[in-house]
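Scroll down for the structure; my scribbles are underneath it.
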There are 2 protein chains.
Amino acid sequence: MSIAQIEYFVAVAEEAHVGRAARRLHISQPPLTRQIQRLEDELGAPLFERTPRGMRLLPAGARFLAHARRVLAEVDAARRCLEPLPSSQRAR
Amino acid sequence: MSIAQIEYFVAVAEEAHVGRAARRLHISQPPLTRQIQRLEDELGAPLFERTPRGMRLLPAGARFLAHARRVLAEVDAARRCLEPLPSSQRAR
DNA sequence: AATCCGCGATACCCAAACGGTATTGGCCTG
DNA sequence: CAGGCCAATACCGTTTGGGTATCGCGGATT
C-alpha cells in the first residue's frame, strides 16, 4: 500500500468514476484502475461495486475511506512540519 | 515520500545507525542510505547529523519523527480496518 | 604519528513497479 | 438492435528500488 494508492482510492471514492478521478489526478484511467485493483487485492476485500454507471463504495470501502483520509491528513502534517516558517512561530 | 521511506526513517532514528536499521528492515545498507537522502531532499532539510559513530537526529528530524509515527499508526489502523474479525465485533 | 576499523556514501547493475496508448468486453439507452 | 459509455486488459517504455562491491573519512589503538 502506497500513499499514492490511498490518494487514488479517495479520488475514485469521491468521484464514483474512474475516468473523472483519473483526470483529477492527472493520470490516465488504466493505471488508476490497476492501482485500485492492487489495493483491493492487498486488503483482501473489494472496496467498490462496479456498475455500468461507475463505481459505488461498498461498506468496506466506506470504512476504509475514513482511515484513508486520516492517513493523508497525517502525511500532510508531516510534510508541513518542516516548512520554512513565515516569521515568528515556535516548535512545540 | 512513500510509506516505506517513513518506516525507514523511523528505523534509522531509533537505531541511530544505518547498518543496524537496515538489518532490522531486512534490506541492505546502501538503499537505506539513499532513501534517507531522498527523504531529506524532498523535505528540503537534513534530518540527521552524520557522525563517525552513526546517525544523530537533528531537531528537525525529531519533529518529523513524531509525525512519522502518527502516519504509520494511521496506516496500520487503515490496514486493520478490514481484517476478518475473530467473532463478535461491530464497526463504528 | 601511523594503522586499523567501523561508519555512511557512492558506483554500477538488475529486477520490479508505474504510467501511457491502444483495445476489449459488457451493460444500459435510445 | 445499434451506439455509447464504463471499467478492464494487453502491451510497451521508463522510472524506481534493492543488491553487491567499493570508496572516503573519521576516531581509536598502540
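Each chain of the C-alpha cells is named A, B, ... in the order shown, its residues numbered from 1; ligands are numbered from 1 in display order.
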Once chain A has been least-squares superposed onto chain B, matching all their Cα atoms in order, can you return it as a short mmCIF file (atom, residue, chain, number, x, y, z; two decimals) with C-alpha atoms, in the first residue's frame?
```cif
data_model
loop_
_atom_site.label_atom_id
_atom_site.label_comp_id
_atom_site.auth_asym_id
_atom_site.auth_seq_id
_atom_site.Cartn_x
_atom_site.Cartn_y
_atom_site.Cartn_z
CA MET A 1 7.50 10.42 0.19
CA SER A 2 6.48 6.81 0.55
CA ILE A 3 5.30 4.73 3.47
CA ALA A 4 8.45 2.65 3.18
CA GLN A 5 10.60 5.76 3.44
CA ILE A 6 8.80 6.75 6.61
CA GLU A 7 9.34 3.29 8.08
CA TYR A 8 12.99 3.49 7.08
CA PHE A 9 13.37 6.88 8.67
CA VAL A 10 11.87 5.71 11.96
CA ALA A 11 14.15 2.68 12.02
CA VAL A 12 17.26 4.79 11.43
CA ALA A 13 16.15 7.31 14.02
CA GLU A 14 15.63 4.57 16.58
CA GLU A 15 18.83 2.71 15.82
CA ALA A 16 20.93 5.82 15.22
CA HIS A 17 22.79 3.56 12.83
CA VAL A 18 22.10 2.88 9.17
CA GLY A 19 23.61 -0.58 9.22
CA ARG A 20 21.61 -1.81 12.19
CA ALA A 21 18.43 -0.22 10.84
CA ALA A 22 19.02 -1.95 7.52
CA ARG A 23 19.37 -5.31 9.21
CA ARG A 24 16.19 -4.71 11.16
CA LEU A 25 14.37 -3.77 7.96
CA HIS A 26 15.80 -6.74 6.05
CA ILE A 27 17.33 -4.61 3.36
CA SER A 28 20.95 -3.69 2.78
CA GLN A 29 22.65 -0.52 3.88
CA PRO A 30 23.13 1.37 0.60
CA PRO A 31 19.46 1.50 -0.44
CA LEU A 32 18.58 2.63 3.06
CA THR A 33 21.14 5.42 2.94
CA ARG A 34 19.70 6.51 -0.39
CA GLN A 35 16.11 6.53 0.80
CA ILE A 36 17.06 8.68 3.77
CA GLN A 37 18.82 11.08 1.42
CA ARG A 38 15.81 11.25 -0.86
CA LEU A 39 13.55 11.92 2.08
CA GLU A 40 15.78 14.74 3.26
CA ASP A 41 15.87 16.10 -0.27
CA GLU A 42 12.12 16.04 -0.60
CA LEU A 43 11.59 17.69 2.76
CA GLY A 44 14.24 20.25 1.94
CA ALA A 45 16.11 19.82 5.19
CA PRO A 46 18.58 17.36 6.70
CA LEU A 47 17.07 15.15 9.39
CA PHE A 48 20.25 13.58 10.72
CA GLU A 49 23.71 14.63 11.62
CA ARG A 50 26.28 12.16 10.28
CA THR A 51 28.85 11.28 12.86
CA PRO A 52 31.68 8.75 12.68
CA ARG A 53 29.68 6.66 15.17
CA GLY A 54 26.42 6.75 13.26
CA MET A 55 23.44 9.01 12.78
CA ARG A 56 22.13 11.53 15.27
CA LEU A 57 18.70 13.10 14.92
CA LEU A 58 18.69 16.82 14.30
CA PRO A 59 15.92 18.94 15.82
CA ALA A 60 14.08 18.91 12.50
CA GLY A 61 14.40 15.14 12.45
CA ALA A 62 12.98 14.82 15.93
CA ARG A 63 10.02 16.95 14.96
CA PHE A 64 9.45 14.85 11.86
CA LEU A 65 9.79 11.62 13.85
CA ALA A 66 6.68 12.34 15.87
CA HIS A 67 4.67 12.88 12.72
CA ALA A 68 6.18 9.83 11.07
CA ARG A 69 5.01 7.62 13.90
CA ARG A 70 1.53 9.01 13.65
CA VAL A 71 1.43 8.33 9.93
CA LEU A 72 2.50 4.73 10.48
CA ALA A 73 -0.06 4.30 13.22
CA GLU A 74 -2.82 5.53 10.92
CA VAL A 75 -1.64 3.28 8.12
CA ASP A 76 -1.75 0.36 10.51
CA ALA A 77 -5.24 1.28 11.60
CA ALA A 78 -6.32 1.53 7.98
CA ARG A 79 -4.87 -1.89 7.24
CA ARG A 80 -6.61 -3.43 10.20
CA CYS A 81 -9.96 -1.85 9.58
CA LEU A 82 -10.93 -4.58 7.10
CA GLU A 83 -9.40 -7.53 8.83
CA PRO A 84 -11.59 -10.58 9.29
CA LEU A 85 -13.11 -10.23 12.73
CA PRO A 86 -12.57 -13.05 15.27
CA SER A 87 -16.27 -13.38 15.97
CA SER A 88 -18.54 -10.75 17.50
CA GLN A 89 -17.72 -7.16 16.80
CA ARG A 90 -19.50 -4.40 15.01
CA ALA A 91 -18.35 -1.55 12.84
CA ARG A 92 -18.62 1.96 14.23
#
```
| task | Give me, as a list in words, the contact residues of chain C against chain B at a cut-off of 8 Å, counting only C-alpha atoms (C1' of nucleotides). | result |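 Interface list for chain C against chain B: DG6, DC7, DG8 and DA9 of chain C.
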| field | chain B contacts on chain D, only C-alpha atoms (C1' of nucleotides), 8 Å, as a list in words | value |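 Result: DG17, DG18, DG19, DG26 and DG27 of chain D.
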| request: Apply DSSP to the structure's backbone, then extract all residues of chain B labelled alpha helix (DSSP H) and return them as a PyMOL selection string. | output: chain B and resi 3-15+18-25+29-43+59-80
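Note that C1' of DC27 (chain C) and C1' of DA7 (chain D) are 11.1 Å apart.
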| said: Just to confirm, what's the straight-line distance from C1' of DA11 (chain C) to C1' of DC12 (chain D) in Å (one decimal)? | reply: 28.7 Å
